[in-house]
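Q: If it helps, the file is called final11.pdb and holds PDB, C-alpha atoms:
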```pdb
ATOM      1  CA  MET A  16     -26.408  88.591 -35.158
ATOM      2  CA  ALA A  17     -23.499  88.447 -32.909
ATOM      3  CA  GLN A  18     -25.629  86.559 -30.422
ATOM      4  CA  GLN A  19     -26.652  84.012 -33.038
ATOM      5  CA  ARG A  20     -23.019  83.306 -33.906
ATOM      6  CA  ALA A  21     -22.044  82.958 -30.252
ATOM      7  CA  LEU A  22     -24.771  80.458 -29.617
ATOM      8  CA  PRO A  23     -23.787  78.018 -32.333
ATOM      9  CA  GLN A  24     -20.181  78.243 -31.266
ATOM     10  CA  SER A  25     -21.057  77.358 -27.682
ATOM     11  CA  LYS A  26     -23.282  74.555 -28.977
ATOM     12  CA  GLU A  27     -20.390  73.325 -31.019
ATOM     13  CA  THR A  28     -18.013  73.383 -28.079
ATOM     14  CA  LEU A  29     -20.677  71.827 -25.934
ATOM     15  CA  LEU A  30     -21.141  69.067 -28.520
ATOM     16  CA  GLN A  31     -17.404  68.604 -28.769
ATOM     17  CA  SER A  32     -17.228  68.396 -25.001
ATOM     18  CA  TYR A  33     -20.020  65.789 -24.978
ATOM     19  CA  ASN A  34     -18.314  63.904 -27.763
ATOM     20  CA  LYS A  35     -14.980  63.928 -25.871
ATOM     21  CA  ARG A  36     -16.655  62.746 -22.641
ATOM     22  CA  LEU A  37     -18.437  60.019 -24.601
ATOM     23  CA  LYS A  38     -15.158  58.799 -26.135
ATOM     24  CA  ASP A  39     -13.434  58.907 -22.734
ATOM     25  CA  ASP A  40     -16.278  57.012 -21.069
ATOM     26  CA  VAL A  41     -16.382  54.388 -23.848
ATOM     27  CA  LYS A  42     -12.608  54.042 -23.602
ATOM     28  CA  SER A  43     -12.866  53.658 -19.817
ATOM     29  CA  ILE A  44     -15.626  51.056 -20.210
ATOM     30  CA  MET A  45     -13.516  49.246 -22.767
ATOM     31  CA  ASP A  46     -10.455  49.267 -20.458
ATOM     32  CA  ASN A  47     -12.566  48.046 -17.537
ATOM     33  CA  PHE A  48     -14.095  45.303 -19.684
ATOM     34  CA  THR A  49     -10.603  44.244 -20.842
ATOM     35  CA  GLU A  50      -9.403  44.062 -17.240
ATOM     36  CA  ILE A  51     -12.491  42.080 -16.267
ATOM     37  CA  ILE A  52     -11.811  39.619 -19.086
ATOM     38  CA  LYS A  53      -8.145  39.308 -18.044
ATOM     39  CA  THR A  54      -9.145  38.731 -14.427
ATOM     40  CA  ALA A  55     -11.790  36.234 -15.480
ATOM     41  CA  LYS A  56      -9.214  34.381 -17.586
ATOM     42  CA  VAL A  57      -6.796  34.263 -14.654
ATOM     43  CA  ARG A  58      -9.502  33.053 -12.322
ATOM     44  CA  ALA A  59     -10.642  30.496 -14.871
ATOM     45  CA  GLY A  60      -7.053  29.273 -15.278
ATOM     46  CA  GLU A  61      -6.601  29.052 -11.508
ATOM     47  CA  SER A  62      -9.922  27.270 -11.235
ATOM     48  CA  LEU A  63      -8.889  24.757 -13.914
ATOM     49  CA  MET A  64      -5.566  24.139 -12.191
ATOM     50  CA  LYS A  65      -7.364  23.576  -8.868
ATOM     51  CA  LEU A  66      -9.778  21.206 -10.609
ATOM     52  CA  VAL A  67      -6.887  19.225 -12.110
ATOM     53  CA  SER A  68      -5.233  19.035  -8.686
ATOM     54  CA  ASP A  69      -8.472  17.842  -7.075
ATOM     55  CA  LEU A  70      -8.933  15.200  -9.783
ATOM     56  CA  LYS A  71      -5.388  13.925  -9.291
ATOM     57  CA  GLN A  72      -5.886  13.734  -5.536
ATOM     58  CA  PHE A  73      -9.198  11.930  -5.982
ATOM     59  CA  LEU A  74      -7.629   9.501  -8.426
ATOM     60  CA  ILE A  75      -4.728   8.745  -6.110
ATOM     61  CA  LEU A  76      -6.886   8.289  -3.035
ATOM     62  CA  ASN A  77      -9.830   6.515  -4.634
ATOM     63  CA  ASP A  78      -8.366   4.503  -7.487
ATOM     64  CA  PHE A  79      -9.064   1.173  -5.844
ATOM     65  CA  PRO A  80      -8.476  -1.038  -8.904
ATOM     66  CA  SER A  81      -4.892   0.163  -9.346
ATOM     67  CA  VAL A  82      -4.234   0.073  -5.599
ATOM     68  CA  ASN A  83      -5.631  -3.455  -5.450
ATOM     69  CA  GLU A  84      -3.534  -4.444  -8.458
ATOM     70  CA  ALA A  85      -0.391  -3.123  -6.771
ATOM     71  CA  ILE A  86      -1.283  -5.044  -3.598
ATOM     72  CA  ASP A  87      -1.894  -8.219  -5.606
ATOM     73  CA  GLN A  88       1.459  -7.874  -7.386
ATOM     74  CA  ARG A  89       3.256  -7.423  -4.047
ATOM     75  CA  ASN A  90       1.432 -10.446  -2.617
ATOM     76  CA  GLN A  91       2.523 -12.557  -5.600
ATOM     77  CA  GLN A  92       6.125 -11.439  -5.161
ATOM     78  CA  LEU A  93       6.067 -12.264  -1.460
ATOM     79  CA  ARG A  94       4.416 -15.650  -2.060
ATOM     80  CA  ALA A  95       7.088 -16.521  -4.626
ATOM     81  CA  LEU A  96       9.763 -15.526  -2.118
ATOM     82  CA  GLN A  97       8.058 -17.611   0.574
ATOM     83  CA  GLU A  98       7.894 -20.654  -1.722
ATOM     84  CA  GLU A  99      11.570 -20.249  -2.575
ATOM     85  CA  CYS A 100      12.461 -20.030   1.130
ATOM     86  CA  ASP A 101      10.296 -23.073   1.864
ATOM     87  CA  ARG A 102      12.051 -25.067  -0.875
ATOM     88  CA  LYS A 103      15.456 -24.073   0.481
ATOM     89  CA  LEU A 104      14.438 -24.931   4.047
ATOM     90  CA  ILE A 105      13.095 -28.332   2.974
ATOM     91  CA  ALA A 106      16.300 -29.046   1.057
ATOM     92  CA  LEU A 107      18.357 -27.983   4.075
ATOM     93  CA  ARG A 108      16.196 -30.129   6.378
ATOM     94  CA  ASP A 109      16.671 -33.134   4.091
ATOM     95  CA  GLU A 110      20.439 -32.624   3.969
ATOM     96  CA  VAL A 111      20.662 -32.280   7.756
ATOM     97  CA  SER A 112      18.440 -35.325   8.213
ATOM     98  CA  ILE A 113      20.637 -37.436   5.928
ATOM     99  CA  ASP A 114      23.803 -36.191   7.652
ATOM    100  CA  LEU A 115      22.310 -36.885  11.080
ATOM    101  CA  TYR A 116      21.245 -40.352  10.009
ATOM    102  CA  GLU A 117      24.759 -41.067   8.720
ATOM    103  CA  LEU A 118      26.275 -39.740  11.957
ATOM    104  CA  GLU A 119      23.955 -41.920  14.046
ATOM    105  CA  GLU A 120      24.807 -44.961  11.965
ATOM    106  CA  GLU A 121      28.485 -44.193  12.420
ATOM    107  CA  TYR A 122      27.971 -43.707  16.129
ATOM    108  CA  TYR A 123      26.107 -46.983  16.529
ATOM    109  CA  SER A 124      28.607 -48.937  14.464
ATOM    110  CA  SER A 125      31.717 -47.510  16.141
ATOM    111  CA  SER A 126      33.556 -49.556  18.750
ATOM    112  CA  SER A 127      33.941 -46.541  21.058
ATOM    113  CA  SER A 128      30.195 -46.142  21.581
ATOM    114  CA  LEU A 129      29.134 -46.152  25.224
ATOM    115  CA  CYS A 130      25.816 -47.844  24.641
ATOM    116  CA  GLU A 131      26.645 -50.167  21.770
ATOM    117  CA  ALA A 132      25.114 -53.170  23.435
ATOM    118  CA  ASN A 133      21.854 -51.393  24.173
ATOM    119  CA  ASP A 134      21.645 -49.705  20.719
ATOM    120  CA  LEU A 135      20.140 -46.508  22.151
ATOM    121  CA  PRO A 136      19.194 -43.503  20.040
ATOM    122  CA  LEU A 137      21.748 -40.730  19.995
ATOM    123  CA  CYS A 138      19.685 -38.355  22.131
ATOM    124  CA  GLU A 139      19.187 -40.999  24.832
ATOM    125  CA  ALA A 140      22.809 -42.042  24.788
ATOM    126  CA  TYR A 141      23.825 -38.422  25.241
ATOM    127  CA  TRP A 142      21.778 -38.103  28.421
ATOM    128  CA  ARG A 143      23.098 -41.353  29.918
ATOM    129  CA  LEU A 144      25.406 -41.132  32.888
ATOM    130  CA  ASP A 145      29.005 -41.616  31.949
ATOM    131  CA  PRO A 146      31.041 -43.271  34.714
ATOM    132  CA  ASP A 147      33.983 -40.963  33.928
ATOM    133  CA  THR A 148      31.966 -37.740  34.363
ATOM    134  CA  ASP A 149      31.007 -35.996  37.570
ATOM    135  CA  SER A 150      27.649 -37.140  38.975
ATOM    136  CA  THR A 151      26.689 -33.532  39.707
ATOM    137  CA  ASP A 152      26.832 -32.649  35.997
ATOM    138  CA  CYS A 153      23.626 -30.835  35.038
ATOM    139  CA  LEU A 154      23.443 -32.649  31.694
ATOM    140  CA  SER A 155      22.939 -35.990  33.375
ATOM    141  CA  ALA A 156      20.223 -34.747  35.745
ATOM    142  CA  PRO A 157      17.185 -35.798  33.645
ATOM    143  CA  LEU A 158      18.144 -39.470  33.843
ATOM    144  CA  LEU A 159      18.794 -39.652  37.560
ATOM    145  CA  ALA A 160      15.152 -40.486  38.205
ATOM    146  CA  SER A 161      15.008 -43.114  35.475
ATOM    147  CA  PRO A 162      18.416 -44.444  34.414
ATOM    148  CA  GLU A 163      17.040 -47.483  32.604
ATOM    149  CA  PRO A 164      14.871 -47.271  29.478
ATOM    150  CA  SER A 165      12.741 -50.136  30.778
ATOM    151  CA  ALA A 166      11.661 -48.056  33.797
ATOM    152  CA  GLY A 167       9.000 -46.370  31.639
ATOM    153  CA  GLY A 168      10.242 -42.817  32.235
ATOM    154  CA  PRO A 169       9.569 -39.799  30.037
ATOM    155  CA  LEU A 170      12.564 -40.515  27.849
ATOM    156  CA  GLN A 171      11.260 -43.932  26.951
ATOM    157  CA  ALA A 172       7.956 -42.463  25.793
ATOM    158  CA  ALA A 173       9.574 -39.567  23.960
ATOM    159  CA  ALA A 174      12.259 -41.527  22.109
ATOM    160  CA  PRO A 175      11.698 -44.935  20.493
ATOM    161  CA  THR A 176      14.500 -47.488  20.687
ATOM    162  CA  HIS A 177      15.546 -46.754  17.097
ATOM    163  CA  PRO A 178      14.053 -43.651  15.458
ATOM    164  CA  HIS A 179      15.037 -44.559  11.905
ATOM    165  CA  ALA A 180      13.129 -47.774  11.541
ATOM    166  CA  GLY A 181      10.954 -46.275   8.810
ATOM    167  CA  GLY A 182      13.731 -44.562   6.875
ATOM    168  CA  PRO A 183      16.014 -41.520   7.134
ATOM    169  CA  GLY A 184      14.812 -38.241   8.597
ATOM    170  CA  PRO A 185      11.536 -37.046   9.996
ATOM    171  CA  THR A 186       8.432 -37.211   7.867
ATOM    172  CA  GLU A 187       6.790 -34.026   6.718
ATOM    173  CA  HIS A 188       3.314 -33.374   8.054
ATOM    174  CA  ALA A 189       0.872 -31.494   5.809
TER
END
```
What does the file become when written as structure tokens?
A:
Amino acid sequence: MAQQRALPQSKETLLQSYNKRLKDDVKSIMDNFTEIIKTAKVRAGESLMKLVSDLKQFLILNDFPSVNEAIDQRNQQLRALQEECDRKLIALRDEVSIDLYELEEEYYSSSSSLCEANDLPLCEAYWRLDPDTDSTDCLSAPLLASPEPSAGGPLQAAAPTHPHAGGPGPTEHA
């Protein structure tokens, strides 16, 4: 009978040992599974962040409608600035033209004009030889070949006898 009691006791310890190993193995599996889930969550989070970054990059590089809209807005701003500059330049041109016309009229009507009898345009009168100046003056050189407007030189063709016959200032060409 002593052998029968020893056997169940060893079976009991053996069963307890199996039971303890089973609990340890299940606990180990559970810990491993928990770590796998944590790692998977981290990887999934990293993957989502990478996806968001890729989408942002794609949107920035390939969002042609918004890029085109920004280009169109900049073009409109620059065109408005160009139109404003053009208006200011035209106004300045008109003012200078009026002032030049008034100066020419004053020049032609003054008694101290060199070419009053001939009524030459201002640019032609400027290039005329002045008897008081040195004949070697470089400013008078273009008229040495053709001192008279009737000689048909390049100045005659380039400058009419009175440039303001049609009104003040140059006309604007479209």
Q: Quick one, how far is CA of Lys42 in chain A from CA of Arg58 in chain A?
A: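 We find that CA of Lys42 in chain A and CA of Arg58 in chain A lie 24.0 Å from each other.
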Q: When you draw a straight line from CA of Val67 in chain A to CA of Gln88 in chain A, how long is it in Å?
A: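 Answer for the CA of Val67 in chain A to CA of Gln88 in chain A separation: 28.7 Å.
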Q: What does the distance from CA of Arg108 in chain A to CA of Asn90 in chain A come to in Å, to one decimal?
A: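 A separation of 26.2 Å between them.
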